Amino acid sequence: MVTAVPSITDREIASQPESWRRAARSVAPFSAALPRRGERVAVVGCGTSWFMAIAYARLREGGGHGLTDAFAASEFPAGRDYDRVLGVTRSGTTTEVLDLLAAVSGTASTSVITADPAAPVMGIAESAAVLEWADEESVVQTRFATTALALLRAHLESQSALPAGVRAVSRAVEDAGRALAAPLTTDMTEAGQLTFLGSGWTYGLALEAGLKMREAAGSWTEAYPAMEYRHGPISIAEPGRVTWAFGPVPDGLADDVARAGGAFVAGSTNRAADLDPMADLVRAQRLAVRVAQSRGHDPDRPRNLSRSVILGDDRA
């Protein structure tokens with residue numbers, strides 16, 4: 001039975017519109033920590049933060065702001081030349097991010113987006129954007145990650161560097177309000193499997209939606225670039241399974257899923273966006289909590305997970 005008491009994660013999800021507004025107002029105070037036009041930038045993180053890095057990298061480079069790569073912190077290519085390495089870490093304690101920022105210090109500018117002004121990363125990065133208001137009690141990241149991306153989007157927007165077709169953060173805020181009120185259909189809540197798709201910057205959001213469903217609800221989920229879906233993954237589409245696309249939908253894809261008997265969910269069509277993709281991620285976050293509760297899971301404290309991964313000195 002679904003509990004009638006909102007979880008901590010529910011409340012944090014619901015707070016996102018205001019958190020994004022505050023991020024948009026914080027671009028100037030945090031400008032020292034944000035990449036400058038023309039810099040060669042690597043954005044690094046772990047888990048959810050890595051997926052936000054993927055989204056931002058495509059937005060920044062697509063807007064003509066400069067070469068931008070995104071890496072899981074543990075997979076950063078040693079020896080590659082960057083002007084700036086930007087870490088994203090909610091807790092500011094994640095071992096791989098701290099180790100990497102320390103390792104590249106002196107060869108590249110280092111900055112961080114975090115939620116804790118007293119975190120160890122503050123003593124390593126040269127500059128920081130501290131989103132204290134976006135910190136979370138839940139193990140599962142929702143508000144902090146999207147607020148970090150909202151800040152980065154607003155920074156690009158302030159320099160007229162958003163790719164064509166990407167909405168202003170103010171519009172994303174409005175859409176997030178709509179996403180919080182949108183019904184979650186039976187196709188979504190009772191799906192036996194979900195595949196999330198994205199193109200360009202929204203591929204990072206698709207990866208994150210899949211992770212939320214796995215973390216909170218233990219669901220079988222996959223994520224792919226939208227145009228790659230036909231190259232094999234569509235073979236698992238069938239009744240009782242969902243394909244969910246973030247951003248513009250490739251021509252004919254919804255029809256292909258329908259022929260396979262699957263349900264198709266999208267915040268956009270191939271002609272127009274009904275929901276900003278970041279706002280559409282809010283729907284997926286809500287779904288993760290709803291499904292977790294229906295299965296008797298605690299969405300705030302998923303099994304096998306901790307709020308931060310801190311490795312011991314005896315690691316290999």
# chains A, B, ... in the order shown; residues from 1 in each chain; ligands from 1

$ residues_around --residues "Ala182 in chain A" --least-positions-apart "3" --cutoff "8 Å" --atoms "only C-alpha atoms" --output "ChimeraX atom specification"
/A:178-179,283

$ residues_around --residues "Glu39 in chain A" --least-positions-apart "2" --cutoff "10 Å" --atoms "only C-alpha atoms" --output "NGL selection string"
:A and (35-37 or 41-42 or 65-68 or 82-84)

$ residues_around --residues "Ser105 in chain A" --least-positions-apart "3" --cutoff "9 Å" --atoms "only C-alpha atoms" --output "PyMOL selection string"
chain A and resi 100-102+108-110+124-126

$ closest_atom_pairs --of "range 60-137 of chain A" --to "range 47-52 of chain A" --cutoff "7 Å" --atoms "only C-alpha atoms" --output "CSV"
residue,atom,partner,partner_atom,distance
A:Phe71,CA,A:Trp50,CA,6.6
A:Ala72,CA,A:Trp50,CA,5.6
A:Val88,CA,A:Ser49,CA,5.7
A:Thr89,CA,A:Ser49,CA,6.4

$ residues_around --residues "Glu96 in chain A" --least-positions-apart "3" --cutoff "10 Å" --atoms "only C-alpha atoms" --output "list in words"
Val44, Gly45, Cys46, Ala72, Ala73, Ser74, Glu75, Phe76, Thr93, Asp99, Leu100, Leu101, Val309, Ile310 and Leu311 of chain A

$ select_by_dssp --residues "range 52-301 of chain A" --states "helix (DSSP H, G or I)" --output "JSON, numbers by chain"
{"A": [52, 53, 54, 55, 56, 57, 58, 59, 60, 61, 62, 73, 74, 75, 95, 96, 97, 98, 99, 100, 101, 102, 103, 104, 120, 121, 122, 123, 132, 133, 134, 143, 144, 145, 146, 147, 148, 149, 150, 151, 152, 153, 154, 155, 156, 157, 158, 169, 170, 171, 172, 173, 174, 175, 176, 177, 178, 179, 180, 181, 186, 187, 188, 189, 202, 203, 204, 205, 206, 207, 208, 209, 210, 211, 212, 213, 214, 215, 216, 217, 226, 227, 228, 233, 234, 235, 236, 253, 254, 255, 256, 257, 258, 259, 277, 278, 279, 280, 281, 282, 283, 284, 285, 286, 287, 288, 289, 290, 291, 292, 293, 294]}

$ select_by_dssp --residues "range 102-254 of chain A" --states "strand (DSSP E or B)" --output "PDB file with N, CA and C atoms, in the first residue's frame"
ATOM      1  N   SER A 105      45.553  19.808  -9.283  1.00  0.00           N
ATOM      2  CA  SER A 105      45.875  21.141  -8.767  1.00  0.00           C
ATOM      3  C   SER A 105      47.276  21.545  -9.228  1.00  0.00           C
ATOM      4  N   ALA A 108      45.685  22.723 -13.641  1.00  0.00           N
ATOM      5  CA  ALA A 108      44.420  23.275 -14.123  1.00  0.00           C
ATOM      6  C   ALA A 108      43.751  23.997 -12.962  1.00  0.00           C
ATOM      7  N   SER A 109      42.945  24.994 -13.278  1.00  0.00           N
ATOM      8  CA  SER A 109      42.120  25.614 -12.242  1.00  0.00           C
ATOM      9  C   SER A 109      41.126  24.576 -11.737  1.00  0.00           C
ATOM     10  N   THR A 110      40.859  24.581 -10.458  1.00  0.00           N
ATOM     11  CA  THR A 110      39.919  23.619  -9.886  1.00  0.00           C
ATOM     12  C   THR A 110      38.792  24.354  -9.189  1.00  0.00           C
ATOM     13  N   SER A 111      37.586  23.900  -9.420  1.00  0.00           N
ATOM     14  CA  SER A 111      36.423  24.473  -8.755  1.00  0.00           C
ATOM     15  C   SER A 111      35.434  23.370  -8.454  1.00  0.00           C
ATOM     16  N   VAL A 112      34.452  23.672  -7.613  1.00  0.00           N
ATOM     17  CA  VAL A 112      33.523  22.646  -7.174  1.00  0.00           C
ATOM     18  C   VAL A 112      32.149  23.258  -6.949  1.00  0.00           C
ATOM     19  N   ILE A 113      31.137  22.465  -7.208  1.00  0.00           N
ATOM     20  CA  ILE A 113      29.772  22.769  -6.790  1.00  0.00           C
ATOM     21  C   ILE A 113      29.410  21.748  -5.723  1.00  0.00           C
ATOM     22  N   THR A 114      29.072  22.219  -4.527  1.00  0.00           N
ATOM     23  CA  THR A 114      28.785  21.336  -3.414  1.00  0.00           C
ATOM     24  C   THR A 114      27.670  21.941  -2.574  1.00  0.00           C
ATOM     25  N   SER A 127      38.060  27.348  -5.953  1.00  0.00           N
ATOM     26  CA  SER A 127      36.851  28.165  -5.844  1.00  0.00           C
ATOM     27  C   SER A 127      35.654  27.232  -5.732  1.00  0.00           C
ATOM     28  N   ALA A 128      34.554  27.760  -5.191  1.00  0.00           N
ATOM     29  CA  ALA A 128      33.403  26.897  -4.921  1.00  0.00           C
ATOM     30  C   ALA A 128      32.099  27.646  -5.076  1.00  0.00           C
ATOM     31  N   ALA A 129      31.090  26.930  -5.530  1.00  0.00           N
ATOM     32  CA  ALA A 129      29.703  27.373  -5.476  1.00  0.00           C
ATOM     33  C   ALA A 129      29.011  26.459  -4.471  1.00  0.00           C
ATOM     34  N   VAL A 130      28.599  27.022  -3.342  1.00  0.00           N
ATOM     35  CA  VAL A 130      28.020  26.219  -2.264  1.00  0.00           C
ATOM     36  C   VAL A 130      26.510  26.422  -2.266  1.00  0.00           C
ATOM     37  N   GLN A 193       9.269  -2.796 -16.588  1.00  0.00           N
ATOM     38  CA  GLN A 193      10.596  -2.362 -17.046  1.00  0.00           C
ATOM     39  C   GLN A 193      10.454  -0.995 -17.684  1.00  0.00           C
ATOM     40  N   LEU A 194      11.460  -0.131 -17.498  1.00  0.00           N
ATOM     41  CA  LEU A 194      11.452   1.194 -18.106  1.00  0.00           C
ATOM     42  C   LEU A 194      12.785   1.447 -18.807  1.00  0.00           C
ATOM     43  N   THR A 195      12.700   1.981 -20.021  1.00  0.00           N
ATOM     44  CA  THR A 195      13.882   2.404 -20.756  1.00  0.00           C
ATOM     45  C   THR A 195      13.781   3.904 -20.980  1.00  0.00           C
ATOM     46  N   PHE A 196      14.809   4.645 -20.553  1.00  0.00           N
ATOM     47  CA  PHE A 196      14.832   6.096 -20.686  1.00  0.00           C
ATOM     48  C   PHE A 196      15.768   6.493 -21.825  1.00  0.00           C
ATOM     49  N   LEU A 197      15.311   7.460 -22.634  1.00  0.00           N
ATOM     50  CA  LEU A 197      16.060   7.889 -23.807  1.00  0.00           C
ATOM     51  C   LEU A 197      16.290   9.388 -23.767  1.00  0.00           C
ATOM     52  N   GLY A 198      17.386   9.833 -24.361  1.00  0.00           N
ATOM     53  CA  GLY A 198      17.657  11.252 -24.485  1.00  0.00           C
ATOM     54  C   GLY A 198      18.579  11.506 -25.649  1.00  0.00           C
ATOM     55  N   THR A 221      15.724  -0.875 -15.094  1.00  0.00           N
ATOM     56  CA  THR A 221      15.714   0.257 -16.009  1.00  0.00           C
ATOM     57  C   THR A 221      16.977   0.247 -16.860  1.00  0.00           C
ATOM     58  N   GLU A 222      16.871   0.857 -18.036  1.00  0.00           N
ATOM     59  CA  GLU A 222      18.002   1.044 -18.930  1.00  0.00           C
ATOM     60  C   GLU A 222      17.921   2.456 -19.501  1.00  0.00           C
ATOM     61  N   ALA A 223      19.013   2.931 -20.070  1.00  0.00           N
ATOM     62  CA  ALA A 223      19.034   4.270 -20.672  1.00  0.00           C
ATOM     63  C   ALA A 223      19.949   4.265 -21.886  1.00  0.00           C
ATOM     64  N   TYR A 224      19.514   4.964 -22.947  1.00  0.00           N
ATOM     65  CA  TYR A 224      20.254   4.989 -24.205  1.00  0.00           C
ATOM     66  C   TYR A 224      20.075   6.339 -24.892  1.00  0.00           C
ATOM     67  N   PRO A 225      21.017   6.711 -25.773  1.00  0.00           N
ATOM     68  CA  PRO A 225      20.723   7.806 -26.705  1.00  0.00           C
ATOM     69  C   PRO A 225      19.505   7.434 -27.541  1.00  0.00           C
ATOM     70  N   ARG A 241       5.733  -2.705 -20.443  1.00  0.00           N
ATOM     71  CA  ARG A 241       7.015  -2.017 -20.341  1.00  0.00           C
ATOM     72  C   ARG A 241       6.890  -0.616 -20.934  1.00  0.00           C
ATOM     73  N   VAL A 242       7.737   0.302 -20.444  1.00  0.00           N
ATOM     74  CA  VAL A 242       7.635   1.711 -20.818  1.00  0.00           C
ATOM     75  C   VAL A 242       8.928   2.192 -21.464  1.00  0.00           C
ATOM     76  N   THR A 243       8.786   2.977 -22.523  1.00  0.00           N
ATOM     77  CA  THR A 243       9.895   3.725 -23.107  1.00  0.00           C
ATOM     78  C   THR A 243       9.605   5.199 -22.893  1.00  0.00           C
ATOM     79  N   TRP A 244      10.534   5.899 -22.258  1.00  0.00           N
ATOM     80  CA  TRP A 244      10.324   7.290 -21.834  1.00  0.00           C
ATOM     81  C   TRP A 244      11.417   8.141 -22.452  1.00  0.00           C
ATOM     82  N   ALA A 245      11.037   9.142 -23.241  1.00  0.00           N
ATOM     83  CA  ALA A 245      12.007   9.990 -23.935  1.00  0.00           C
ATOM     84  C   ALA A 245      12.043  11.384 -23.334  1.00  0.00           C
ATOM     85  N   PHE A 246      13.253  11.884 -23.082  1.00  0.00           N
ATOM     86  CA  PHE A 246      13.465  13.257 -22.633  1.00  0.00           C
ATOM     87  C   PHE A 246      13.879  14.104 -23.825  1.00  0.00           C
TER      88      PHE A 246
END

$ residues_around --residues "Ala53 in chain A" --least-positions-apart "3" --cutoff "6 Å" --atoms "only C-alpha atoms" --output "list of chain:residue names"
A:Val43, A:Trp50, A:Tyr56, A:Ala57, A:Ala70

$ decode --residues "range 100-119 of chain A" --atoms "N, CA and C atoms" --output "PDB file, in the first residue's frame"
ATOM      1  N   LEU A 100      40.884  13.454  -7.305  1.00  0.00           N
ATOM      2  CA  LEU A 100      41.146  13.999  -8.631  1.00  0.00           C
ATOM      3  C   LEU A 100      41.470  15.489  -8.563  1.00  0.00           C
ATOM      4  N   LEU A 101      40.676  16.260  -7.823  1.00  0.00           N
ATOM      5  CA  LEU A 101      40.929  17.693  -7.731  1.00  0.00           C
ATOM      6  C   LEU A 101      42.307  17.964  -7.133  1.00  0.00           C
ATOM      7  N   ALA A 102      42.700  17.169  -6.154  1.00  0.00           N
ATOM      8  CA  ALA A 102      44.030  17.334  -5.576  1.00  0.00           C
ATOM      9  C   ALA A 102      45.113  16.985  -6.596  1.00  0.00           C
ATOM     10  N   ALA A 103      44.866  15.966  -7.404  1.00  0.00           N
ATOM     11  CA  ALA A 103      45.877  15.510  -8.365  1.00  0.00           C
ATOM     12  C   ALA A 103      46.117  16.519  -9.481  1.00  0.00           C
ATOM     13  N   VAL A 104      45.054  17.228  -9.915  1.00  0.00           N
ATOM     14  CA  VAL A 104      45.213  18.159 -11.042  1.00  0.00           C
ATOM     15  C   VAL A 104      45.552  19.572 -10.579  1.00  0.00           C
ATOM     16  N   SER A 105      45.553  19.808  -9.283  1.00  0.00           N
ATOM     17  CA  SER A 105      45.875  21.141  -8.767  1.00  0.00           C
ATOM     18  C   SER A 105      47.276  21.545  -9.228  1.00  0.00           C
ATOM     19  N   GLY A 106      47.379  22.746  -9.737  1.00  0.00           N
ATOM     20  CA  GLY A 106      48.648  23.218 -10.255  1.00  0.00           C
ATOM     21  C   GLY A 106      48.788  23.065 -11.752  1.00  0.00           C
ATOM     22  N   THR A 107      48.000  22.179 -12.341  1.00  0.00           N
ATOM     23  CA  THR A 107      48.015  22.011 -13.789  1.00  0.00           C
ATOM     24  C   THR A 107      46.747  22.549 -14.437  1.00  0.00           C
ATOM     25  N   ALA A 108      45.685  22.723 -13.641  1.00  0.00           N
ATOM     26  CA  ALA A 108      44.420  23.275 -14.123  1.00  0.00           C
ATOM     27  C   ALA A 108      43.751  23.997 -12.962  1.00  0.00           C
ATOM     28  N   SER A 109      42.945  24.994 -13.278  1.00  0.00           N
ATOM     29  CA  SER A 109      42.120  25.614 -12.242  1.00  0.00           C
ATOM     30  C   SER A 109      41.126  24.576 -11.737  1.00  0.00           C
ATOM     31  N   THR A 110      40.859  24.581 -10.458  1.00  0.00           N
ATOM     32  CA  THR A 110      39.919  23.619  -9.886  1.00  0.00           C
ATOM     33  C   THR A 110      38.792  24.354  -9.189  1.00  0.00           C
ATOM     34  N   SER A 111      37.586  23.900  -9.420  1.00  0.00           N
ATOM     35  CA  SER A 111      36.423  24.473  -8.755  1.00  0.00           C
ATOM     36  C   SER A 111      35.434  23.370  -8.454  1.00  0.00           C
ATOM     37  N   VAL A 112      34.452  23.672  -7.613  1.00  0.00           N
ATOM     38  CA  VAL A 112      33.523  22.646  -7.174  1.00  0.00           C
ATOM     39  C   VAL A 112      32.149  23.258  -6.949  1.00  0.00           C
ATOM     40  N   ILE A 113      31.137  22.465  -7.208  1.00  0.00           N
ATOM     41  CA  ILE A 113      29.772  22.769  -6.790  1.00  0.00           C
ATOM     42  C   ILE A 113      29.410  21.748  -5.723  1.00  0.00           C
ATOM     43  N   THR A 114      29.072  22.219  -4.527  1.00  0.00           N
ATOM     44  CA  THR A 114      28.785  21.336  -3.414  1.00  0.00           C
ATOM     45  C   THR A 114      27.670  21.941  -2.574  1.00  0.00           C
ATOM     46  N   ALA A 115      27.272  21.218  -1.525  1.00  0.00           N
ATOM     47  CA  ALA A 115      26.193  21.706  -0.672  1.00  0.00           C
ATOM     48  C   ALA A 115      26.643  22.029   0.742  1.00  0.00           C
ATOM     49  N   ASP A 116      27.887  21.688   1.074  1.00  0.00           N
ATOM     50  CA  ASP A 116      28.350  21.825   2.455  1.00  0.00           C
ATOM     51  C   ASP A 116      29.553  22.760   2.518  1.00  0.00           C
ATOM     52  N   PRO A 117      29.412  23.917   3.148  1.00  0.00           N
ATOM     53  CA  PRO A 117      30.522  24.864   3.204  1.00  0.00           C
ATOM     54  C   PRO A 117      31.689  24.405   4.072  1.00  0.00           C
ATOM     55  N   ALA A 118      31.480  23.360   4.869  1.00  0.00           N
ATOM     56  CA  ALA A 118      32.538  22.856   5.737  1.00  0.00           C
ATOM     57  C   ALA A 118      33.117  21.540   5.235  1.00  0.00           C
ATOM     58  N   ALA A 119      32.770  21.132   4.023  1.00  0.00           N
ATOM     59  CA  ALA A 119      33.203  19.846   3.500  1.00  0.00           C
ATOM     60  C   ALA A 119      34.695  19.848   3.180  1.00  0.00           C
TER      61      ALA A 119
END
